[in-house]
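Novice: Below is one structure. I have some questions about it.
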2 protein chains.
Amino acid sequence: MPKQLTEMLKGTLEGVVLAVLAGRAAYGYEITTWLREQGFADIAEGTIYALLLRIEQRGLVDVEKRPSEKGPPRKVYSLNAQGGEYLDEFWRTWAFLTERLERLRSGQESEHAQQQESQGRQQEEGI
Amino acid sequence: MPKQLTEMLKGTLEGVVLAVLAGRAAYGYEITTWLREQGFADIAEGTIYALLLRIEQRGLVDVEKRPSEKGPPRKVYSLNAQGGEYLDEFWRTWAFLTERLERLRSGQESEHAQQQESQGRQQEEGI
DNA sequence: AGCCGGTACCTAGCGTTACTATCTACCAGT
DNA sequence: ACTGGTAGATAGTAACGCTAGGTACCGGCT
């Protein structure tokens, strides 16, 4: 995994997991394998477990322990109300970032119109 | 600034600065104020200077010292070939992440079609 | 002269995050 | 008895952005 992705995942991986849990309740091992299927080839298992403990201690998820047919009991996480709000906030922040980045990327190919100073530019709200 | 953005910036801020430098040579103070105008309301000055030192030591940028009319001399950074490659890699990684996130977000509103296991799903290359 | 604000750069210490590596535990098949 | 898959946890490390300062140069004001 390129180091760039590792750094980019900081902050977003949490949102990813919360988004998964918004869709359906799940346990750590399940989430890890699902992420691998989604192309996040080698996200460390330990990372997910640590993340789940974090969001549990912050009260963003509810936990239920369920026995497994083939292994130790599972800790099934589900998003609660507070986690839902936090996830909404995450998506807003993510949208903010992607807008800025998209503008940067598209503004890079066509190089012009930037010597006329910073006037007349629509100034969106900052965060 | 929400803490979420702080974490998300890890990894991406570097790409942002490199992208700016790909457009035109610039110095730290200039980049900081420009970022503020772009909506990154309160990115710490120190963060930018530390970041510039980092990418300088990695050989991604060339540096030229130029006197300023109203202050200490400026350190003007410009992207070099190696930095260009690194920036390309950054955009690829960014595209990878945004694709996965976009899929997650849009898949959340319409909740269905995910109980039919992970077969027949086009498996894109992971990173 | 003294002071302040703007310009311009730098640094030490801190908190948060993901990764590495390793450990425990349960069960099925060989 | 051993291996492999399932399931969870943790100590230590590296990287990054932030906080909170500091230095230095210059012009205008009192």
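Going by the structure tokens order, chains are called A, B, ..., each with residues numbered from 1, while ligands are numbered from 1 in the order shown.
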Could you give me, as number ranges by chain, each residue of chain B that DSSP assigns to helix (DSSP H, G or I) when run on this structure's backbone?
Specialist: B: 3-23, 28-37, 45-57, 81-109
Novice: Please find the residues of chain D near chain B - the criterion being any atom within 10 Å, counting only C-alpha atoms (C1' of nucleotides) - and write them as a PyMOL selection string.
Specialist: chain D and resi 15-19+24-27
Novice: Could those residues be written to a file, using N, CA and C atoms (P, O5', C5', C4', C3', O3' and C1' of nucleotides), as an mmCIF file, in the first residue's frame?
Specialist:
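Generated file (out-v7.cif):
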data_model
loop_
_atom_site.group_PDB
_atom_site.id
_atom_site.type_symbol
_atom_site.label_atom_id
_atom_site.label_comp_id
_atom_site.auth_asym_id
_atom_site.auth_seq_id
_atom_site.Cartn_x
_atom_site.Cartn_y
_atom_site.Cartn_z
ATOM 1 P P DA D 15 8.211 7.989 9.219
ATOM 2 O "O5'" DA D 15 6.867 8.810 9.011
ATOM 3 C "C5'" DA D 15 5.748 8.155 8.446
ATOM 4 C "C4'" DA D 15 4.550 9.068 8.536
ATOM 5 C "C3'" DA D 15 4.884 10.537 8.238
ATOM 6 O "O3'" DA D 15 4.076 10.975 7.163
ATOM 7 C "C1'" DA D 15 3.640 10.316 10.274
ATOM 8 P P DC D 16 4.263 12.440 6.535
ATOM 9 O "O5'" DC D 16 3.080 13.255 7.198
ATOM 10 C "C5'" DC D 16 1.770 12.696 7.185
ATOM 11 C "C4'" DC D 16 0.896 13.471 8.136
ATOM 12 C "C3'" DC D 16 1.068 14.982 8.006
ATOM 13 O "O3'" DC D 16 -0.131 15.545 7.517
ATOM 14 C "C1'" DC D 16 1.027 14.275 10.285
ATOM 15 P P DG D 17 -0.151 17.090 6.962
ATOM 16 O "O5'" DG D 17 -0.930 17.826 8.136
ATOM 17 C "C5'" DG D 17 -2.278 17.466 8.424
ATOM 18 C "C4'" DG D 17 -2.708 18.088 9.741
ATOM 19 C "C3'" DG D 17 -2.567 19.614 9.794
ATOM 20 O "O3'" DG D 17 -3.762 20.163 10.326
ATOM 21 C "C1'" DG D 17 -1.392 18.597 11.593
ATOM 22 P P DC D 18 -3.893 21.726 10.687
ATOM 23 O "O5'" DC D 18 -3.560 21.727 12.245
ATOM 24 C "C5'" DC D 18 -4.363 20.943 13.128
ATOM 25 C "C4'" DC D 18 -4.077 21.306 14.575
ATOM 26 C "C3'" DC D 18 -4.008 22.814 14.840
ATOM 27 O "O3'" DC D 18 -4.747 23.106 16.019
ATOM 28 C "C1'" DC D 18 -1.985 21.771 15.529
ATOM 29 P P DT D 19 -4.868 24.667 16.498
ATOM 30 O "O5'" DT D 19 -3.818 24.748 17.694
ATOM 31 C "C5'" DT D 19 -3.806 23.725 18.678
ATOM 32 C "C4'" DT D 19 -2.798 24.070 19.758
ATOM 33 C "C3'" DT D 19 -2.724 25.556 20.102
ATOM 34 O "O3'" DT D 19 -2.681 25.702 21.515
ATOM 35 C "C1'" DT D 19 -0.577 24.757 19.475
ATOM 36 P P DA D 24 17.078 37.312 15.584
ATOM 37 O "O5'" DA D 24 16.457 37.909 14.239
ATOM 38 C "C5'" DA D 24 16.504 37.129 13.049
ATOM 39 C "C4'" DA D 24 15.736 37.842 11.955
ATOM 40 C "C3'" DA D 24 16.022 39.344 11.858
ATOM 41 O "O3'" DA D 24 16.485 39.634 10.554
ATOM 42 C "C1'" DA D 24 13.689 38.882 11.788
ATOM 43 P P DC D 25 17.311 40.980 10.280
ATOM 44 O "O5'" DC D 25 16.327 41.800 9.334
ATOM 45 C "C5'" DC D 25 15.855 41.191 8.130
ATOM 46 C "C4'" DC D 25 14.651 41.966 7.629
ATOM 47 C "C3'" DC D 25 14.830 43.488 7.647
ATOM 48 O "O3'" DC D 25 14.788 43.979 6.309
ATOM 49 C "C1'" DC D 25 12.704 42.831 8.517
ATOM 50 P P DC D 26 15.239 45.513 5.997
ATOM 51 O "O5'" DC D 26 13.849 46.287 6.037
ATOM 52 C "C5'" DC D 26 12.815 45.906 5.135
ATOM 53 C "C4'" DC D 26 11.501 46.552 5.547
ATOM 54 C "C3'" DC D 26 11.573 48.056 5.772
ATOM 55 O "O3'" DC D 26 10.954 48.730 4.670
ATOM 56 C "C1'" DC D 26 10.221 46.941 7.416
ATOM 57 P P DG D 27 11.082 50.349 4.566
ATOM 58 O "O5'" DG D 27 9.631 50.811 5.052
ATOM 59 C "C5'" DG D 27 8.483 50.206 4.483
ATOM 60 C "C4'" DG D 27 7.226 50.698 5.182
ATOM 61 C "C3'" DG D 27 7.166 52.212 5.363
ATOM 62 O "O3'" DG D 27 5.904 52.699 4.922
ATOM 63 C "C1'" DG D 27 7.002 51.093 7.498
#
Novice: Select from segment 39-87 of chain B everything DSSP, run on the backbone, classes as strand (DSSP E or B), then give the selection as a list in words.
Specialist: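 Put together, the selection reads Val61, Asp62, Val63, Glu64, Lys65, Arg66, Pro67, Ser68, Gly71, Pro72, Pro73, Arg74, Lys75, Val76, Tyr77, Ser78 and Leu79 of chain B.
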Novice: Show me, as a ChimeraX atom specification, the residues that have an atom within 12 Å of DG29 of chain C when counting only C-alpha atoms (C1' of nucleotides), minus same-chain residues fewer than 6 positions from it.
Specialist: /D:2-5
Novice: Within 10 Å of Glu56 of chain B, counting only C-alpha atoms (C1' of nucleotides), which residues qualify if same-chain residues fewer than 6 places away don't, as a ChimeraX atom specification?
Specialist: /B:50,62-63,77-79,83
Novice: Just to be explicit: take each residue in the selection above, keep C-alpha atoms, and write the result as a PDB file, in the first residue's frame.
Specialist:
ATOM      1  CA  ALA B  50       6.773  22.260   8.229  1.00  0.00           C
ATOM      2  CA  ASP B  62      13.264  23.299  -5.958  1.00  0.00           C
ATOM      3  CA  VAL B  63      13.899  26.306  -3.768  1.00  0.00           C
ATOM      4  CA  TYR B  77       9.244  26.775  -4.029  1.00  0.00           C
ATOM      5  CA  SER B  78       8.584  25.222  -7.413  1.00  0.00           C
ATOM      6  CA  LEU B  79       7.639  21.673  -8.315  1.00  0.00           C
ATOM      7  CA  GLY B  83       7.510  16.254  -7.427  1.00  0.00           C
TER       8      GLY B  83
END
Novice: Using only C-alpha atoms for the distances, tell me which of A:Leu18, A:Leu53, A:Leu104, A:Ala95 is nearest to chain B.
Specialist: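 Among the listed residues, the smallest separation from chain B belongs to A:Leu104.
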Novice: Contacts from chain C to chain A, 9 Å maximum, only C-alpha atoms (C1' of nucleotides): show me the residue list as a list in words.
Specialist: DT16, DT17, DA18, DC19, DT20, DA25, DC26, DC27 and DA28 of chain C
Novice: Between atom CA of Trp91 of chain A and atom CA of Leu35 of chain B, what distance in Å does the model show, to one decimal?
Specialist: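 Separation between atom CA of Trp91 of chain A and atom CA of Leu35 of chain B: 21.2 Å.
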Novice: Take atom CA of Tyr29 of chain B and atom CA of Ile55 of chain B and report the distance between them in Å, one decimal.
Specialist: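 Going from atom CA of Tyr29 of chain B over to atom CA of Ile55 of chain B, I get 16.0 Å.
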Novice: Restricting the calculation to only C-alpha atoms, which member of B:Phe40, B:Tyr27, B:Phe96, B:Tyr49 is positioned closest to chain A?
Specialist: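 Of B:Phe40, B:Tyr27, B:Phe96, B:Tyr49, the one nearest chain A, counting only C-alpha atoms, is B:Phe40.
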Novice: I'd like to know which of A:Lys65, A:Arg54, A:Arg24, A:Arg74 is closest to chain B, using only C-alpha atoms.
Specialist: A:Arg24
